[in-house]
Amino acid sequence: MASIARCLRAARPSTLSRLAQTPLTRSNWQPASLRAFSASPIRDIRKYTKDHEWIDLSADKTSGVIGISEFAAEELGDVVYVELPEEGKEVNAGDAIGAVESVKSAADINAPIACKVTAINLTLEEKPGTINKVPEDDSHGGGWIARVQVGEQGAKDFEALMTPEEYKTFTGSEHA
């Protein structure tokens with residue numbers, strides 16, 4: 001991207017020289033009372049299962065996003081098909097909500113907590129390889145599986161899952 005000065009020179013060389021010759025004057029302009037604005041995003045809380053699913057739970061613990069871990073995506077290899085859950089389906093922790101098939105193997109996707117599926121990632125039907133590229137991304141183009149609504153039981157189930165540090169230790173021991 002070109003700088004403003006370079007753009008001015010390219011458009012009209014005389015403009016820059018006139019700007020340089022203009023004396024600087026102080027104005028009496030004062031900014032209106034400055035308002036400090038600071039916002040820290042409400043961070044989702046991510047936890048993992050021993051079956052390599054993850055869930056990002058909102059700070060108020062009423063909604064979340066489910067996907068498979070980066071470790072699982074690497075172990076599966078190139079994903080060629082993703083079976084997505086049904087929207088509106090209510091599941092308990094450990095229930096199968098979908099499946100992933102790769103060139104190496106196939107695996108069920110289990111619900112990490114009790115929840116109700118509110119949205120699914122339709123991108124994965126057309127581009128299942130997205131899971132390999134960005135498995136733990138819950139943005140629009142990411143490899144997430146489902147968005148869910150969470151109740152009391154789901155919030156309790158969430159507490160029993162592994163933190164990112166515990167999961168890293170867990171996957172490290174699986175390689176050993």
# chains A, B, ... in the order shown; residues from 1 in each chain; ligands from 1

$ residues_around --residues "A:Glu74" --least-positions-apart "4" --cutoff "12 Å" --atoms "only C-alpha atoms" --output "ChimeraX atom specification"
/A:52,68-70,78-79,102-105,129,131-136,171

$ residues_around --residues "A:Lys116" --least-positions-apart "2" --cutoff "12 Å" --atoms "only C-alpha atoms" --output "compact mmCIF listing (two decimals) with all heavy atoms, in the first residue's frame"
# COMPACT_ATOMS: atom_id res chain seq x y z
N THR A 62 -24.27 -20.69 28.71
CA THR A 62 -25.56 -21.04 28.13
C THR A 62 -25.46 -21.45 26.67
O THR A 62 -26.41 -21.99 26.12
CB THR A 62 -26.55 -19.86 28.23
OG1 THR A 62 -25.99 -18.74 27.52
CG2 THR A 62 -26.81 -19.48 29.67
N SER A 63 -24.32 -21.20 26.04
CA SER A 63 -24.15 -21.58 24.64
C SER A 63 -22.70 -21.98 24.41
O SER A 63 -21.80 -21.61 25.18
CB SER A 63 -24.54 -20.43 23.71
OG SER A 63 -23.69 -19.32 23.94
N GLY A 64 -22.48 -22.73 23.33
CA GLY A 64 -21.13 -23.17 23.05
C GLY A 64 -20.97 -23.61 21.61
O GLY A 64 -21.92 -23.61 20.83
N VAL A 65 -19.74 -23.99 21.28
CA VAL A 65 -19.38 -24.48 19.95
C VAL A 65 -18.59 -25.76 20.14
O VAL A 65 -17.70 -25.82 20.99
CB VAL A 65 -18.53 -23.44 19.18
CG1 VAL A 65 -18.20 -23.95 17.79
CG2 VAL A 65 -19.24 -22.10 19.10
N ILE A 66 -18.91 -26.78 19.34
CA ILE A 66 -18.26 -28.10 19.44
C ILE A 66 -17.45 -28.37 18.17
O ILE A 66 -17.87 -28.02 17.07
CB ILE A 66 -19.31 -29.21 19.62
CG1 ILE A 66 -20.04 -29.04 20.95
CG2 ILE A 66 -18.67 -30.60 19.54
CD1 ILE A 66 -21.20 -29.99 21.15
N PRO A 85 -24.61 -33.29 12.85
CA PRO A 85 -25.81 -33.58 13.66
C PRO A 85 -27.04 -32.87 13.12
O PRO A 85 -26.93 -31.97 12.29
CB PRO A 85 -25.43 -33.04 15.04
CG PRO A 85 -24.41 -31.99 14.78
CD PRO A 85 -23.67 -32.42 13.54
N GLU A 86 -28.19 -33.28 13.61
CA GLU A 86 -29.45 -32.62 13.24
C GLU A 86 -29.65 -31.39 14.11
O GLU A 86 -29.43 -31.45 15.32
CB GLU A 86 -30.63 -33.55 13.49
CG GLU A 86 -30.66 -34.81 12.68
CD GLU A 86 -31.81 -35.72 13.13
OE1 GLU A 86 -32.85 -35.20 13.62
OE2 GLU A 86 -31.65 -36.93 13.01
N GLU A 87 -30.07 -30.29 13.50
CA GLU A 87 -30.40 -29.10 14.29
C GLU A 87 -31.61 -29.41 15.15
O GLU A 87 -32.53 -30.08 14.72
CB GLU A 87 -30.68 -27.91 13.38
CG GLU A 87 -29.43 -27.31 12.80
CD GLU A 87 -29.69 -26.01 12.05
OE1 GLU A 87 -30.39 -25.14 12.60
OE2 GLU A 87 -29.19 -25.90 10.93
N GLY A 88 -31.59 -28.92 16.38
CA GLY A 88 -32.70 -29.16 17.30
C GLY A 88 -32.55 -30.43 18.12
O GLY A 88 -33.32 -30.65 19.04
N LYS A 89 -31.59 -31.26 17.80
CA LYS A 89 -31.39 -32.53 18.51
C LYS A 89 -30.83 -32.28 19.91
O LYS A 89 -29.87 -31.53 20.08
CB LYS A 89 -30.43 -33.41 17.72
CG LYS A 89 -30.19 -34.77 18.30
CD LYS A 89 -29.30 -35.61 17.41
CE LYS A 89 -29.13 -37.00 17.95
NZ LYS A 89 -28.27 -37.83 17.09
N GLU A 90 -31.44 -32.91 20.91
CA GLU A 90 -30.95 -32.82 22.28
C GLU A 90 -30.16 -34.08 22.58
O GLU A 90 -30.61 -35.19 22.28
CB GLU A 90 -32.10 -32.65 23.26
CG GLU A 90 -32.78 -31.31 23.09
CD GLU A 90 -33.66 -30.92 24.27
OE1 GLU A 90 -33.36 -31.34 25.41
OE2 GLU A 90 -34.63 -30.20 24.03
N VAL A 91 -28.96 -33.91 23.14
CA VAL A 91 -28.07 -35.04 23.39
C VAL A 91 -27.50 -34.95 24.80
O VAL A 91 -27.45 -33.89 25.40
CB VAL A 91 -26.91 -35.09 22.37
CG1 VAL A 91 -27.42 -35.38 20.97
CG2 VAL A 91 -26.11 -33.80 22.37
N ASN A 92 -27.06 -36.10 25.29
CA ASN A 92 -26.36 -36.18 26.58
C ASN A 92 -24.87 -36.29 26.32
O ASN A 92 -24.44 -36.62 25.20
CB ASN A 92 -26.84 -37.39 27.38
CG ASN A 92 -28.27 -37.24 27.83
OD1 ASN A 92 -28.67 -36.18 28.32
ND2 ASN A 92 -29.07 -38.28 27.64
N ALA A 93 -24.08 -36.04 27.33
CA ALA A 93 -22.63 -36.17 27.21
C ALA A 93 -22.27 -37.58 26.75
O ALA A 93 -22.79 -38.56 27.27
CB ALA A 93 -21.96 -35.86 28.54
N ASP A 95 -23.00 -38.94 23.81
CA ASP A 95 -23.84 -39.39 22.68
C ASP A 95 -23.19 -39.01 21.35
O ASP A 95 -22.62 -37.92 21.23
CB ASP A 95 -25.23 -38.76 22.74
CG ASP A 95 -26.09 -39.29 23.86
OD1 ASP A 95 -25.67 -40.24 24.55
OD2 ASP A 95 -27.19 -38.72 24.06
N ILE A 97 -22.99 -37.47 17.89
CA ILE A 97 -23.73 -36.40 17.21
C ILE A 97 -23.35 -36.32 15.73
O ILE A 97 -23.95 -35.57 14.98
CB ILE A 97 -23.53 -35.03 17.88
CG1 ILE A 97 -22.05 -34.63 17.91
CG2 ILE A 97 -24.14 -35.02 19.26
CD1 ILE A 97 -21.80 -33.21 18.34
N ALA A 111 -20.87 -35.84 21.74
CA ALA A 111 -21.17 -34.60 22.46
C ALA A 111 -20.34 -34.56 23.74
O ALA A 111 -20.39 -35.48 24.53
CB ALA A 111 -22.65 -34.54 22.79
N PRO A 112 -19.57 -33.49 23.94
CA PRO A 112 -18.76 -33.41 25.15
C PRO A 112 -19.60 -33.18 26.41
O PRO A 112 -19.21 -33.58 27.50
CB PRO A 112 -17.85 -32.21 24.92
CG PRO A 112 -18.13 -31.70 23.56
CD PRO A 112 -19.31 -32.41 23.01
N ILE A 113 -20.78 -32.56 26.24
CA ILE A 113 -21.66 -32.26 27.36
C ILE A 113 -23.11 -32.41 26.91
O ILE A 113 -23.38 -32.51 25.71
CB ILE A 113 -21.44 -30.82 27.89
CG1 ILE A 113 -21.79 -29.79 26.81
CG2 ILE A 113 -20.04 -30.63 28.42
CD1 ILE A 113 -21.75 -28.35 27.27
N ALA A 114 -24.03 -32.43 27.85
CA ALA A 114 -25.45 -32.44 27.51
C ALA A 114 -25.79 -31.09 26.90
O ALA A 114 -25.43 -30.05 27.45
CB ALA A 114 -26.29 -32.68 28.76
N THR A 118 -28.06 -26.17 17.98
CA THR A 118 -28.81 -25.03 17.45
C THR A 118 -28.39 -24.65 16.03
O THR A 118 -29.16 -24.03 15.31
CB THR A 118 -28.67 -23.80 18.36
OG1 THR A 118 -27.28 -23.47 18.48
CG2 THR A 118 -29.27 -24.06 19.73
N ALA A 119 -27.18 -25.01 15.64
CA ALA A 119 -26.69 -24.71 14.29
C ALA A 119 -25.59 -25.69 13.94
O ALA A 119 -24.90 -26.21 14.82
CB ALA A 119 -26.17 -23.28 14.21
N ILE A 120 -25.44 -25.96 12.64
CA ILE A 120 -24.38 -26.84 12.18
C ILE A 120 -23.55 -26.12 11.12
O ILE A 120 -24.01 -25.19 10.48
CB ILE A 120 -24.94 -28.17 11.61
CG1 ILE A 120 -25.97 -27.91 10.51
CG2 ILE A 120 -25.53 -29.01 12.74
CD1 ILE A 120 -26.49 -29.16 9.84
N ALA A 146 -20.70 -27.93 15.45
CA ALA A 146 -22.05 -27.48 15.82
C ALA A 146 -22.01 -26.38 16.87
O ALA A 146 -21.10 -26.34 17.71
CB ALA A 146 -22.86 -28.66 16.35
N ARG A 147 -23.01 -25.53 16.82
CA ARG A 147 -23.25 -24.55 17.89
C ARG A 147 -24.37 -25.14 18.73
O ARG A 147 -25.31 -25.73 18.20
CB ARG A 147 -23.66 -23.20 17.31
CG ARG A 147 -22.55 -22.58 16.47
CD ARG A 147 -22.78 -21.11 16.21
NE ARG A 147 -21.78 -20.57 15.31
CZ ARG A 147 -20.57 -20.18 15.66
NH1 ARG A 147 -20.20 -20.28 16.92
NH2 ARG A 147 -19.72 -19.71 14.77
N VAL A 148 -24.24 -24.99 20.05
CA VAL A 148 -25.17 -25.65 20.95
C VAL A 148 -25.69 -24.71 22.04
O VAL A 148 -25.06 -23.71 22.37
CB VAL A 148 -24.53 -26.89 21.61
CG1 VAL A 148 -24.19 -27.94 20.58
CG2 VAL A 148 -23.29 -26.51 22.42
N GLN A 149 -26.85 -25.09 22.57
CA GLN A 149 -27.44 -24.41 23.72
C GLN A 149 -27.20 -25.33 24.91
O GLN A 149 -27.38 -26.55 24.82
CB GLN A 149 -28.93 -24.21 23.47
CG GLN A 149 -29.66 -23.50 24.56
CD GLN A 149 -31.14 -23.34 24.20
OE1 GLN A 149 -31.62 -23.87 23.20
NE2 GLN A 149 -31.86 -22.63 25.05
N VAL A 150 -26.80 -24.75 26.04
CA VAL A 150 -26.40 -25.54 27.19
C VAL A 150 -27.31 -25.24 28.38
O VAL A 150 -27.61 -24.09 28.67
CB VAL A 150 -24.93 -25.22 27.56
CG1 VAL A 150 -24.48 -26.03 28.76
CG2 VAL A 150 -24.02 -25.46 26.36
N GLY A 151 -27.70 -26.31 29.05
CA GLY A 151 -28.52 -26.18 30.27
C GLY A 151 -27.69 -26.46 31.51
O GLY A 151 -26.46 -26.52 31.46
N GLU A 152 -28.38 -26.67 32.62
CA GLU A 152 -27.70 -26.92 33.90
C GLU A 152 -26.83 -28.17 33.85
O GLU A 152 -25.70 -28.17 34.33
CB GLU A 152 -28.72 -27.07 35.03
CG GLU A 152 -29.22 -25.76 35.59
CD GLU A 152 -30.15 -25.98 36.77
OE1 GLU A 152 -29.81 -26.78 37.67
OE2 GLU A 152 -31.22 -25.35 36.77
N GLN A 153 -27.37 -29.26 33.29
CA GLN A 153 -26.61 -30.50 33.23
C GLN A 153 -25.35 -30.34 32.38
O GLN A 153 -24.29 -30.83 32.72
CB GLN A 153 -27.47 -31.66 32.70
CG GLN A 153 -26.75 -33.00 32.71
CD GLN A 153 -26.27 -33.41 34.10
OE1 GLN A 153 -27.01 -33.34 35.07
NE2 GLN A 153 -25.02 -33.83 34.18
N GLY A 154 -25.48 -29.63 31.27
CA GLY A 154 -24.33 -29.38 30.41
C GLY A 154 -23.24 -28.59 31.11
O GLY A 154 -22.06 -28.88 30.96

$ residues_around --residues "A:Lys50" --least-positions-apart "4" --cutoff "8 Å" --atoms "only C-alpha atoms" --output "list in words"
Met162, Tyr167 and Phe170 of chain A

$ atom_distance --atom1 "atom CA of A:Ala107" --atom2 "atom CA of A:Lys61"
27.6 Å

$ atom_distance --atom1 "atom CA of A:Ser139" --atom2 "atom CA of A:Thr123"
11.5 Å

$ closest_residue --among "A:Glu166, A:Glu101, A:Glu75, A:Glu53" --to "A:Leu124" --atoms "only C-alpha atoms"
A:Glu101

$ closest_residue --among "A:Ala106, A:Leu161, A:Ile45, A:Val117" --to "A:Ile145" --atoms "only C-alpha atoms"
A:Val117

$ atom_distance --atom1 "atom CA of A:Thr49" --atom2 "atom CA of A:Asp108"
13.0 Å

$ closest_residue --among "A:Asp138, A:Lys47, A:Trp54, A:Thr163" --to "A:Asn110" --atoms "only C-alpha atoms"
A:Trp54
